[in-house]
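Trainee: Sharing model_25.txt, compact mmCIF, C-alpha atoms:
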```txt
# COMPACT_ATOMS: atom_id res chain seq x y z
CA MET B 1 321.44 68.46 137.70
CA ALA B 2 324.07 66.33 139.42
CA ALA B 3 327.76 67.16 139.29
CA GLU B 4 330.62 64.74 138.69
CA ILE B 5 334.38 64.79 139.12
CA ALA B 6 336.25 64.77 135.83
CA PRO B 7 339.39 62.57 135.58
CA TYR B 8 341.66 65.60 135.90
CA GLY B 9 340.10 66.61 139.21
CA ARG B 10 337.66 69.30 138.12
CA VAL B 11 333.93 69.31 138.72
CA THR B 12 331.86 69.26 135.55
CA GLN B 13 328.14 69.06 134.93
CA ARG B 14 325.91 66.76 132.93
CA PRO B 15 325.28 68.19 130.41
CA SER B 16 325.88 71.91 131.19
CA ALA B 17 327.73 73.93 133.81
CA VAL B 18 326.05 74.78 137.12
CA LYS B 19 324.12 78.02 136.78
CA GLU B 20 322.39 78.04 140.17
CA VAL B 21 323.18 76.40 143.48
CA HIS B 22 321.34 76.35 146.80
CA ILE B 23 323.15 76.35 150.15
CA LEU B 24 321.17 74.57 152.85
CA TRP B 25 322.70 75.56 156.17
CA ILE B 26 321.76 73.55 159.27
CA THR B 27 322.37 75.44 162.51
CA ALA B 28 320.42 72.85 164.50
CA GLY B 29 323.41 70.87 165.73
CA LEU B 30 324.62 71.40 169.28
CA SER B 31 326.09 74.91 169.03
CA CYS B 32 325.63 78.58 169.82
CA ASP B 33 325.19 79.79 166.20
CA GLY B 34 328.51 81.60 166.69
CA ASP B 35 329.81 80.45 163.31
CA THR B 36 326.86 82.00 161.48
CA VAL B 37 327.36 85.21 163.43
CA SER B 38 331.08 85.12 162.63
CA ILE B 39 330.70 84.87 158.85
CA THR B 40 328.63 88.04 158.76
CA ALA B 41 331.98 89.78 159.33
CA ALA B 42 333.65 88.16 156.30
CA THR B 43 335.06 90.38 153.58
CA GLN B 44 337.16 87.99 151.46
CA PRO B 45 334.53 87.42 150.16
CA SER B 46 331.53 88.70 152.07
CA VAL B 47 328.24 86.82 152.24
CA GLU B 48 326.64 89.71 150.38
CA ASP B 49 329.16 89.46 147.51
CA VAL B 50 328.38 85.76 147.06
CA VAL B 51 324.58 85.85 147.22
CA MET B 52 324.23 89.06 145.17
CA GLY B 53 326.37 87.82 142.29
CA ALA B 54 329.18 90.33 142.69
CA ILE B 55 331.93 87.75 142.04
CA PRO B 56 332.60 86.85 138.37
CA GLY B 57 332.26 83.23 137.35
CA LEU B 58 330.10 82.02 140.23
CA PRO B 59 326.73 80.36 139.77
CA LYS B 60 323.74 82.17 141.25
CA VAL B 61 323.61 81.34 144.96
CA HIS B 62 320.47 80.89 147.08
CA LEU B 63 321.33 80.86 150.79
CA HIS B 64 319.02 79.17 153.32
CA ASN B 65 320.26 79.86 156.84
CA PRO B 66 317.70 80.23 159.67
CA VAL B 67 319.62 83.07 161.30
CA LEU B 68 320.01 85.06 158.06
CA ALA B 69 316.79 84.11 156.27
CA TYR B 70 313.83 86.40 155.60
CA GLU B 71 311.45 83.44 155.62
CA VAL B 72 310.17 81.76 158.77
CA GLY B 73 308.19 78.60 159.56
CA ASP B 74 306.89 76.60 156.61
CA ASP B 75 308.14 79.21 154.12
CA PHE B 76 311.68 78.49 155.29
CA MET B 77 311.35 74.72 155.73
CA LYS B 78 309.95 74.14 152.23
CA TYR B 79 313.49 74.25 150.77
CA TRP B 80 314.58 71.35 152.96
CA TYR B 81 311.72 69.19 151.79
CA GLN B 82 312.33 70.19 148.18
CA ALA B 83 315.97 69.19 148.47
CA GLU B 84 314.98 65.87 150.01
CA GLN B 85 312.59 65.24 147.12
CA GLY B 86 315.22 66.06 144.51
CA LEU B 87 313.54 69.30 143.43
CA ILE B 88 316.62 71.36 144.35
CA ASP B 89 319.72 70.16 142.55
CA PRO B 90 322.55 70.91 143.01
CA PHE B 91 322.78 72.04 146.62
CA VAL B 92 325.58 72.36 149.17
CA LEU B 93 324.85 71.18 152.70
CA VAL B 94 326.50 73.21 155.46
CA VAL B 95 326.31 71.79 158.98
CA GLU B 96 326.89 73.94 162.07
CA GLY B 97 327.03 72.40 165.53
CA SER B 98 328.07 68.98 166.81
CA ILE B 99 326.05 65.91 165.93
CA PRO B 100 324.37 64.26 168.94
CA ASN B 101 323.95 60.51 169.23
CA GLU B 102 320.20 60.03 169.08
CA LYS B 103 320.51 56.26 169.69
CA ILE B 104 321.72 56.37 173.29
CA LYS B 105 318.42 57.29 174.96
CA ALA B 106 314.98 55.79 175.29
CA GLU B 107 312.93 58.84 174.30
CA GLY B 108 313.05 62.45 173.20
CA TYR B 109 315.71 64.07 171.03
CA TRP B 110 318.85 66.11 171.49
CA ALA B 111 318.54 68.45 168.49
CA ALA B 112 315.92 68.95 165.80
CA LEU B 113 314.88 71.17 162.89
CA GLY B 114 311.22 71.63 161.97
CA ASN B 115 308.28 69.32 162.58
CA ASP B 116 307.17 66.26 160.65
CA PRO B 117 303.95 67.31 158.82
CA MET B 118 302.48 63.83 159.36
CA THR B 119 303.14 63.44 163.08
CA ASN B 120 303.84 67.05 164.07
CA GLN B 121 306.87 65.73 165.96
CA PRO B 122 310.30 67.42 165.71
CA ILE B 123 312.61 66.04 163.03
CA PRO B 124 316.01 65.26 164.60
CA THR B 125 319.02 66.95 163.07
CA THR B 126 320.59 63.56 162.42
CA GLU B 127 317.58 62.60 160.31
CA TRP B 128 318.02 65.69 158.15
CA ILE B 129 321.68 64.81 157.66
CA ASP B 130 320.69 61.27 156.68
CA ARG B 131 318.13 62.60 154.20
CA LEU B 132 320.19 65.37 152.61
CA ALA B 133 323.88 64.43 152.75
CA PRO B 134 323.63 61.65 150.12
CA LYS B 135 322.02 64.09 147.66
CA ALA B 136 324.31 67.08 148.31
CA VAL B 137 326.93 68.01 145.77
CA ALA B 138 329.20 69.05 148.64
CA VAL B 139 329.01 68.85 152.43
CA VAL B 140 330.81 71.38 154.62
CA ALA B 141 331.21 71.33 158.40
CA ILE B 142 331.61 74.85 159.78
CA GLY B 143 333.19 75.47 163.18
CA THR B 144 334.87 73.08 165.58
CA CYS B 145 331.59 71.69 166.95
CA ALA B 146 330.57 70.43 163.50
CA THR B 147 334.05 69.37 162.43
CA TYR B 148 335.27 67.50 165.52
CA GLY B 149 332.59 67.77 168.22
CA GLY B 150 334.04 70.76 170.05
CA ILE B 151 332.95 71.87 173.51
CA HIS B 152 329.82 69.72 173.55
CA ALA B 153 331.82 66.55 172.86
CA MET B 154 334.24 66.93 175.76
CA ALA B 155 334.61 64.18 178.35
CA GLY B 156 331.57 63.64 180.53
CA ASN B 157 328.99 64.99 178.09
CA PRO B 158 325.60 63.21 178.13
CA THR B 159 324.83 63.50 174.40
CA GLY B 160 327.56 61.31 172.93
CA CYS B 161 327.95 64.00 170.28
CA MET B 162 330.60 64.05 167.57
CA GLY B 163 331.78 65.82 164.43
CA LEU B 164 330.15 65.38 161.04
CA ALA B 165 332.93 63.12 159.73
CA ASP B 166 332.54 60.91 162.81
CA TYR B 167 328.85 60.62 161.99
CA LEU B 168 329.00 60.13 158.21
CA GLY B 169 332.41 58.42 158.14
CA TRP B 170 335.83 59.85 157.40
CA GLY B 171 335.89 58.27 153.96
CA TRP B 172 332.44 59.57 153.03
CA LYS B 173 331.99 61.20 149.61
CA SER B 174 329.26 63.51 148.31
CA ALA B 175 327.12 62.94 145.22
CA ALA B 176 329.87 64.71 143.25
CA GLY B 177 332.63 62.63 144.80
CA LEU B 178 333.88 65.32 147.18
CA PRO B 179 334.97 64.45 150.72
CA ILE B 180 333.55 66.29 153.70
CA VAL B 181 335.22 69.70 153.99
CA ASN B 182 336.05 70.75 157.57
CA VAL B 183 336.56 74.42 158.42
CA PRO B 184 337.18 74.44 162.20
CA GLY B 185 337.40 77.35 164.62
CA CYS B 186 335.50 78.31 167.77
CA PRO B 187 333.99 80.26 166.15
CA VAL B 188 335.25 79.85 162.61
CA GLN B 189 337.46 82.64 161.26
CA PRO B 190 334.96 84.34 158.91
CA ASP B 191 337.14 84.68 155.81
CA ASN B 192 338.45 81.11 156.20
CA PHE B 193 334.94 79.77 155.75
CA MET B 194 333.79 82.13 153.01
CA GLU B 195 337.00 81.56 151.06
CA THR B 196 336.47 77.79 151.31
CA LEU B 197 332.86 78.16 150.18
CA LEU B 198 334.04 80.34 147.29
CA TYR B 199 336.52 77.63 146.28
CA LEU B 200 333.76 75.00 146.26
CA LEU B 201 331.46 77.23 144.21
CA TYR B 202 334.21 77.76 141.64
CA GLN B 203 334.76 74.01 141.65
CA LEU B 204 331.09 73.44 140.91
CA ALA B 205 331.39 75.93 138.05
CA GLY B 206 334.29 73.90 136.64
CA LEU B 207 336.80 76.70 137.34
CA ALA B 208 338.87 75.12 140.12
CA PRO B 209 340.61 71.76 140.69
CA MET B 210 339.73 69.36 143.49
CA ILE B 211 339.88 71.17 146.82
CA PRO B 212 343.12 70.25 148.64
CA LEU B 213 342.49 68.89 152.15
CA ASP B 214 344.74 67.53 154.89
CA ASP B 215 344.17 64.26 156.74
CA GLN B 216 341.71 66.02 159.07
CA LEU B 217 339.78 67.26 156.00
CA ARG B 218 340.84 70.89 156.51
CA PRO B 219 341.78 73.09 153.51
CA THR B 220 345.56 72.84 153.32
CA TRP B 221 346.18 76.44 152.29
CA LEU B 222 344.43 77.64 155.45
CA PHE B 223 345.57 75.07 158.02
CA GLY B 224 348.91 73.87 156.66
CA LYS B 225 350.97 76.03 159.03
CA THR B 226 350.96 76.44 162.78
CA VAL B 227 349.96 79.48 164.78
CA HIS B 228 353.60 79.83 165.82
CA GLU B 229 354.85 79.95 162.23
CA GLY B 230 352.65 82.95 161.50
CA CYS B 231 352.92 84.70 164.85
CA ASP B 232 354.65 88.05 165.31
CA ARG B 233 355.82 86.81 168.74
CA ALA B 234 357.70 83.80 167.34
CA GLY B 235 361.01 85.68 167.18
CA TYR B 236 360.91 86.12 170.95
CA TYR B 237 360.53 82.35 171.37
CA GLU B 238 363.68 81.75 169.34
CA GLN B 239 365.55 84.03 171.73
CA ALA B 240 363.98 82.43 174.82
CA ASP B 241 362.43 85.77 175.68
CA PHE B 242 359.10 84.85 177.27
CA ALA B 243 356.30 86.98 178.67
CA THR B 244 355.61 86.52 182.37
CA GLU B 245 352.40 88.55 182.44
CA TYR B 246 349.63 89.50 180.05
CA GLY B 247 350.13 92.72 178.13
CA SER B 248 353.71 91.88 177.16
CA PRO B 249 354.58 91.78 173.42
CA LYS B 250 356.88 88.79 173.98
CA CYS B 251 356.18 85.08 173.38
CA ILE B 252 353.29 83.93 175.56
CA VAL B 253 353.92 80.17 175.47
CA LYS B 254 354.68 80.12 179.20
CA LEU B 255 351.30 81.72 179.87
CA GLY B 256 349.56 78.74 178.25
CA CYS B 257 349.79 79.37 174.49
CA TRP B 258 349.62 76.20 172.35
CA GLY B 259 350.58 78.05 169.15
CA PRO B 260 353.71 76.02 168.28
CA VAL B 261 351.62 72.86 167.68
CA VAL B 262 348.22 74.19 166.53
CA ASN B 263 347.25 74.35 162.86
CA CYS B 264 345.66 77.75 162.32
CA ASN B 265 346.29 80.87 160.21
CA VAL B 266 344.66 83.48 162.45
CA PRO B 267 347.91 85.30 163.42
CA LYS B 268 348.64 85.96 159.74
CA ARG B 269 345.07 86.60 158.62
CA GLY B 270 343.74 88.41 161.66
CA TRP B 271 340.05 88.25 162.48
CA MET B 272 338.28 91.11 160.74
CA ALA B 273 339.89 93.05 157.89
CA GLY B 274 343.30 91.69 158.88
CA ILE B 275 342.99 92.98 162.44
CA GLY B 276 342.76 90.95 165.65
CA GLY B 277 343.23 87.25 166.24
CA CYS B 278 344.18 85.58 169.52
CA PRO B 279 347.98 86.06 169.85
CA ASN B 280 347.80 89.33 167.88
CA VAL B 281 345.81 90.92 170.71
CA GLY B 282 347.66 89.20 173.55
CA GLY B 283 345.48 86.12 173.97
CA ILE B 284 346.89 82.61 174.20
CA CYS B 285 346.07 79.99 171.57
CA ILE B 286 343.92 77.27 173.15
CA GLY B 287 343.86 74.99 170.09
CA CYS B 288 340.25 75.53 169.00
CA THR B 289 340.89 74.42 165.40
CA MET B 290 342.25 71.02 166.47
CA PRO B 291 340.43 67.66 166.65
CA GLY B 292 341.58 67.20 170.27
CA PHE B 293 339.95 70.45 171.45
CA PRO B 294 339.09 71.10 174.23
CA ASP B 295 340.11 68.06 176.30
CA LYS B 296 343.72 67.76 175.12
CA PHE B 297 344.43 71.47 175.68
CA MET B 298 343.12 71.86 179.21
CA PRO B 299 343.70 73.50 181.63
CA PHE B 300 343.95 76.47 179.28
CA MET B 301 345.92 78.91 181.43
CA ASP B 302 348.74 76.51 182.33
CA GLU B 303 351.99 76.21 180.41
CA PRO B 304 351.63 73.29 177.94
CA PRO B 305 353.60 70.22 179.04
CA GLY B 306 355.73 70.18 175.91
CA ALA B 307 356.50 73.87 176.29
CA LYS B 308 358.36 73.23 179.53
CA ILE B 309 360.78 70.94 177.73
CA SER B 310 361.14 72.95 174.52
CA ALA B 311 361.32 76.31 176.30
CA GLY B 312 363.91 74.92 178.72
CA THR B 313 365.96 73.49 175.86
CA ILE B 314 365.92 76.71 173.89
CA GLY B 315 366.70 78.71 177.03
CA VAL B 316 370.49 78.26 176.86
CA TYR B 317 370.67 78.76 173.10
CA GLY B 318 368.22 81.67 173.14
CA ARG B 319 370.00 83.63 175.87
CA MET B 320 373.33 83.27 174.07
CA ILE B 321 371.83 84.31 170.74
CA ARG B 322 370.14 87.28 172.40
CA LYS B 323 373.45 88.53 173.82
CA LEU B 324 375.30 88.09 170.53
CA ARG B 325 372.55 89.89 168.64
CA ALA B 326 372.60 92.71 171.19
CA ILE B 327 376.32 93.20 170.46
CA THR B 328 375.70 93.23 166.72
CA ASN B 329 372.72 95.54 167.16
CA SER B 330 374.78 98.06 169.09
CA THR B 331 377.27 98.08 166.20
CA VAL B 332 374.89 98.37 163.26
CA ASN B 333 372.56 100.73 165.10
CA LYS B 334 375.05 103.59 164.60
CA GLU B 335 375.93 105.64 161.54
CA PRO B 336 379.36 105.26 159.93
CA LYS B 337 381.94 107.71 161.28
CA TRP B 338 382.50 109.51 157.95
CA ARG B 339 379.06 111.18 158.03
CA HIS B 340 379.94 114.56 159.55
CA LYS B 341 380.26 118.23 158.85
CA GLY B 342 383.58 119.95 158.22
CA THR B 343 386.13 120.49 155.52
CA GLU B 344 387.72 117.05 155.61
CA LEU B 345 386.36 114.12 153.54
CA THR B 346 386.80 110.86 155.47
CA THR B 347 384.75 108.45 153.36
CA GLY B 348 387.85 106.85 151.86
CA TYR B 349 387.24 108.32 148.45
CA GLN B 350 390.45 108.80 146.46
CA PRO B 351 390.15 111.11 143.46
CA LYS B 352 391.89 109.92 140.30
CA SER B 353 394.51 112.10 138.71
CA TYR B 354 394.65 112.32 134.90
```
Represent the structure from my file as structure tokens, please.
Mentor:
Amino acid sequence: MAAEIAPYGRVTQRPSAVKEVHILWITAGLSCDGDTVSITAATQPSVEDVVMGAIPGLPKVHLHNPVLAYEVGDDFMKYWYQAEQGLIDPFVLVVEGSIPNEKIKAEGYWAALGNDPMTNQPIPTTEWIDRLAPKAVAVVAIGTCATYGGIHAMAGNPTGCMGLADYLGWGWKSAAGLPIVNVPGCPVQPDNFMETLLYLLYQLAGLAPMIPLDDQLRPTWLFGKTVHEGCDRAGYYEQADFATEYGSPKCIVKLGCWGPVVNCNVPKRGWMAGIGGCPNVGGICIGCTMPGFPDKFMPFMDEPPGAKISAGTIGVYGRMIRKLRAITNSTVNKEPKWRHKGTELTTGYQPKSY
């Protein structure tokens, strides 16, 4: 039963609300399956909570992911053919891995999923996207490879690969009128993806407004701030107090961190159960959630070009502020003088006489 977007931005159903939804998850793009592995660590919500119906208000979810599935071979592939034939409706299409250009070579294929029962030849991943995307109620690209091309799409690659929005078109809309939803990360932060999926499932149930996305199709509540804005080390930057070696708790921008210009929430969210995340454990941000990754952020271990200017500019201000704050700190880091033993009260209290 196909979904539609109501005038006020909510997804409704004709004629009843969605009670079941299938998630068809392609891992046959150019990737390492790292995003699938990552989401097994999600807790907000977990994959188990979603598929076992532990979250109130959600439709029943059937997940079809080759890494997580019990079925193999034809028993697994039957769902893809059923979706193509319109026998599974509604379904959400999740794409993992960059999309190769299958038109730039004379023979063979770059990536495929299953075999054509008529010819017994592999079915290219791009063909599955062509078959299923127009019928999907929502399409989600998981990880930087699927969203923007990622590592496989860097300069000099032979596949001509790209992100899903490059392949389908940045203005593409699903059968329900939803744009492509990009959840980047190399790999994706597990709760970022599961929270986005949860939002879409609530939207299909008519319990959430249209998902808010930025101009790169990322959920705004997850990618609206920079790494720097959520980083515990940001206060050191303001004071021009930079780390010169790994292991320091200070700002690591001079060691190659791109945090001040990268849209990502990992410093605030952590990686698993609020713990970990690149700058939180002393690692530099290399911009893996950005459309320009990796080419525009290389070489990774060098100080970013812009950092030399901004760090130099803040140097004079930061050193002065640091000295002034040190003076203030030495003053307020002591108890007031009237806290002492003895028979004399020196707090300034003056008893009233009646």
Trainee: For Lys225 (chain B), please output as a PyMOL selection string all residues within 7 Å (counting all atoms listed in the file; exclusion window: fewer than 5 positions along the same chain).
Mentor: chain B and resi 263-265
Trainee: Show which residues sit within 10 Å of Val95 (chain B), as a PyMOL selection string. Count all atoms listed in the file, and ignore same-chain residues fewer than 5 positions away.
Mentor: chain B and resi 24-29+125+129+133+139-143+145-147+163-164+182
Trainee: So how far away is CA of Met77 (chain B) from CA of Ala42 (chain B), in Å?
Mentor: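 Here the two named atoms are 26.0 Å from each other.
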Trainee: Quick one: residues within 10 Å of Phe223 (chain B), all atoms listed in the file counted, chain neighbours fewer than 3 positions away excluded, as an MDAnalysis selection string?
Mentor: chainID B and resid 183:184 192 213:214 216:220 226:227 262:266 289:290
Trainee: For Gly287 (chain B), which of B:Leu255, B:Cys186, B:Leu200, B:Ala326 is the closest residue, counting only C-alpha atoms?
Mentor: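 Closest residue, counting only C-alpha atoms: B:Cys186.
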Trainee: Tell me, in Å to one decimal, how far CA of Asn329 (chain B) is from CA of Glu344 (chain B).
Mentor: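 CA of Glu344 (chain B) lies 28.7 Å from CA of Asn329 (chain B).
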Trainee: Quick one: everything within 7 Å of Val21 (chain B), counting all atoms listed in the file, minus sequence neighbours fewer than 2 positions away in the same chain. Send it as an mmCIF file with C-alpha atoms, in the coordinates of the input.
Mentor:
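Final output, out.cif:
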```
data_model
loop_
_atom_site.group_PDB
_atom_site.id
_atom_site.type_symbol
_atom_site.label_atom_id
_atom_site.label_comp_id
_atom_site.auth_asym_id
_atom_site.auth_seq_id
_atom_site.Cartn_x
_atom_site.Cartn_y
_atom_site.Cartn_z
ATOM 1 C CA LYS B 19 324.120 78.020 136.780
ATOM 2 C CA ILE B 23 323.150 76.350 150.150
ATOM 3 C CA PRO B 59 326.730 80.360 139.770
ATOM 4 C CA LYS B 60 323.740 82.170 141.250
ATOM 5 C CA VAL B 61 323.610 81.340 144.960
ATOM 6 C CA HIS B 62 320.470 80.890 147.080
ATOM 7 C CA PRO B 90 322.550 70.910 143.010
ATOM 8 C CA PHE B 91 322.780 72.040 146.620
#
```
Trainee: Have a look at B:Tyr246, B:Trp110, B:Trp271, B:Trp170 and name the one nearest to Pro187 (chain B); count only C-alpha atoms.
Mentor: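 Checking each candidate against Pro187 (chain B), we get B:Trp271 as the closest.
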Trainee: Using all atoms listed in the file, find the one residue out of B:Val188, B:Cys231, B:Leu93, B:Met301 that sits nearest to Ile39 (chain B).
Mentor: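 Using all atoms listed in the file, the shortest distance to Ile39 (chain B) belongs to B:Val188.
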Trainee: Check the smallest atom-to-atom distance from each of B:Ile55, B:Ala112, B:Ile286, B:Val67 to Thr40 (chain B) using all atoms listed in the file, then report the winner.
Mentor: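 Smallest distance to Thr40 (chain B) is found for B:Val67.
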Trainee: Do a neighbour search on Arg269 (chain B) at 10 Å with only C-alpha atoms, toss out local chain neighbours closer than 6 positions, and write the hits as a list in words.
Mentor: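 Returned residues: Gln189, Asp191, Asn192, Leu222, Gly230, Ile275, Gly276 and Gly277 of chain B.
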Trainee: Which is closer to Met210 (chain B) than all the others in B:Ser248, B:Gly270, B:Asn280, B:Ala138, using all atoms listed in the file?
Mentor: B:Ala138
Trainee: Measure the distance from CA of Met52 (chain B) to CA of Pro212 (chain B) in Å and round it to one decimal.
Mentor: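 So the answer is 26.9 Å.
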Trainee: With only C-alpha atoms as the basis for distance, which of B:Gln82, B:Asn101, B:Asn120, B:Asn65 is at the shortest distance from Val37 (chain B)?
Mentor: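 Nearest candidate to Val37 (chain B) out of B:Gln82, B:Asn101, B:Asn120, B:Asn65: B:Asn65.
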Trainee: Using the file's own x, y and z axes, so that the box edges lie along x, y and z, what centre and edge lengths in Å (one decimal) does a box around every listed atom of region 287-305 of chain B get when 3 Å is added on each side? Give it as lines of an AutoDock Vina configuration file.
Mentor:
```
center_x = 346.3
center_y = 73.1
center_z = 173.9
size_x = 20.5
size_y = 17.7
size_z = 22.9
```
Trainee: My structure is short of atoms at region 285-302 of chain B; please model N, CA, C and O atoms there, returning them as a PDB file, keeping the file's coordinate frame.
Mentor:
```pdb
ATOM      1  N   CYS B 285     346.745  80.947 172.447  1.00  0.00           N
ATOM      2  CA  CYS B 285     346.070  79.990 171.570  1.00  0.00           C
ATOM      3  C   CYS B 285     345.673  78.780 172.412  1.00  0.00           C
ATOM      4  O   CYS B 285     346.508  78.186 173.085  1.00  0.00           O
ATOM      5  N   ILE B 286     344.382  78.419 172.373  1.00  0.00           N
ATOM      6  CA  ILE B 286     343.920  77.270 173.150  1.00  0.00           C
ATOM      7  C   ILE B 286     343.586  76.076 172.252  1.00  0.00           C
ATOM      8  O   ILE B 286     342.977  75.113 172.694  1.00  0.00           O
ATOM      9  N   GLY B 287     343.978  76.146 170.974  1.00  0.00           N
ATOM     10  CA  GLY B 287     343.860  74.990 170.090  1.00  0.00           C
ATOM     11  C   GLY B 287     342.472  74.723 169.548  1.00  0.00           C
ATOM     12  O   GLY B 287     342.139  73.576 169.264  1.00  0.00           O
ATOM     13  N   CYS B 288     341.665  75.767 169.348  1.00  0.00           N
ATOM     14  CA  CYS B 288     340.250  75.530 169.000  1.00  0.00           C
ATOM     15  C   CYS B 288     340.035  75.010 167.597  1.00  0.00           C
ATOM     16  O   CYS B 288     338.919  74.620 167.261  1.00  0.00           O
ATOM     17  N   THR B 289     341.058  74.976 166.738  1.00  0.00           N
ATOM     18  CA  THR B 289     340.890  74.420 165.400  1.00  0.00           C
ATOM     19  C   THR B 289     341.321  72.953 165.328  1.00  0.00           C
ATOM     20  O   THR B 289     341.308  72.363 164.250  1.00  0.00           O
ATOM     21  N   MET B 290     341.666  72.361 166.462  1.00  0.00           N
ATOM     22  CA  MET B 290     342.250  71.020 166.470  1.00  0.00           C
ATOM     23  C   MET B 290     341.220  69.955 166.863  1.00  0.00           C
ATOM     24  O   MET B 290     340.318  70.213 167.674  1.00  0.00           O
ATOM     25  N   PRO B 291     341.364  68.740 166.307  1.00  0.00           N
ATOM     26  CA  PRO B 291     340.430  67.660 166.650  1.00  0.00           C
ATOM     27  C   PRO B 291     340.417  67.316 168.133  1.00  0.00           C
ATOM     28  O   PRO B 291     339.406  66.847 168.646  1.00  0.00           O
ATOM     29  N   GLY B 292     341.513  67.535 168.844  1.00  0.00           N
ATOM     30  CA  GLY B 292     341.580  67.200 170.270  1.00  0.00           C
ATOM     31  C   GLY B 292     341.011  68.257 171.188  1.00  0.00           C
ATOM     32  O   GLY B 292     341.019  68.078 172.413  1.00  0.00           O
ATOM     33  N   PHE B 293     340.503  69.356 170.638  1.00  0.00           N
ATOM     34  CA  PHE B 293     339.950  70.450 171.450  1.00  0.00           C
ATOM     35  C   PHE B 293     338.582  70.053 172.003  1.00  0.00           C
ATOM     36  O   PHE B 293     337.777  69.455 171.301  1.00  0.00           O
ATOM     37  N   PRO B 294     338.263  70.365 173.272  1.00  0.00           N
ATOM     38  CA  PRO B 294     339.090  71.100 174.230  1.00  0.00           C
ATOM     39  C   PRO B 294     339.913  70.204 175.158  1.00  0.00           C
ATOM     40  O   PRO B 294     340.833  70.685 175.801  1.00  0.00           O
ATOM     41  N   ASP B 295     339.559  68.923 175.246  1.00  0.00           N
ATOM     42  CA  ASP B 295     340.110  68.060 176.300  1.00  0.00           C
ATOM     43  C   ASP B 295     341.634  68.023 176.332  1.00  0.00           C
ATOM     44  O   ASP B 295     342.232  68.074 177.402  1.00  0.00           O
ATOM     45  N   LYS B 296     342.269  67.932 175.152  1.00  0.00           N
ATOM     46  CA  LYS B 296     343.720  67.760 175.120  1.00  0.00           C
ATOM     47  C   LYS B 296     344.478  69.061 175.361  1.00  0.00           C
ATOM     48  O   LYS B 296     345.716  69.044 175.434  1.00  0.00           O
ATOM     49  N   PHE B 297     343.766  70.176 175.492  1.00  0.00           N
ATOM     50  CA  PHE B 297     344.430  71.470 175.680  1.00  0.00           C
ATOM     51  C   PHE B 297     344.117  72.091 177.033  1.00  0.00           C
ATOM     52  O   PHE B 297     344.465  73.241 177.280  1.00  0.00           O
ATOM     53  N   MET B 298     343.477  71.348 177.893  1.00  0.00           N
ATOM     54  CA  MET B 298     343.120  71.860 179.210  1.00  0.00           C
ATOM     55  C   MET B 298     344.128  71.394 180.265  1.00  0.00           C
ATOM     56  O   MET B 298     344.723  70.336 180.107  1.00  0.00           O
ATOM     57  N   PRO B 299     344.311  72.191 181.360  1.00  0.00           N
ATOM     58  CA  PRO B 299     343.700  73.500 181.630  1.00  0.00           C
ATOM     59  C   PRO B 299     344.342  74.590 180.779  1.00  0.00           C
ATOM     60  O   PRO B 299     345.553  74.587 180.558  1.00  0.00           O
ATOM     61  N   PHE B 300     343.511  75.523 180.290  1.00  0.00           N
ATOM     62  CA  PHE B 300     343.950  76.470 179.280  1.00  0.00           C
ATOM     63  C   PHE B 300     345.026  77.446 179.750  1.00  0.00           C
ATOM     64  O   PHE B 300     345.851  77.867 178.970  1.00  0.00           O
ATOM     65  N   MET B 301     345.019  77.851 180.987  1.00  0.00           N
ATOM     66  CA  MET B 301     345.920  78.910 181.430  1.00  0.00           C
ATOM     67  C   MET B 301     347.267  78.405 181.922  1.00  0.00           C
ATOM     68  O   MET B 301     348.118  79.188 182.334  1.00  0.00           O
ATOM     69  N   ASP B 302     347.470  77.080 181.880  1.00  0.00           N
ATOM     70  CA  ASP B 302     348.740  76.510 182.330  1.00  0.00           C
ATOM     71  C   ASP B 302     349.710  76.390 181.156  1.00  0.00           C
ATOM     72  O   ASP B 302     349.291  76.216 179.998  1.00  0.00           O
TER      73      ASP B 302
END
```
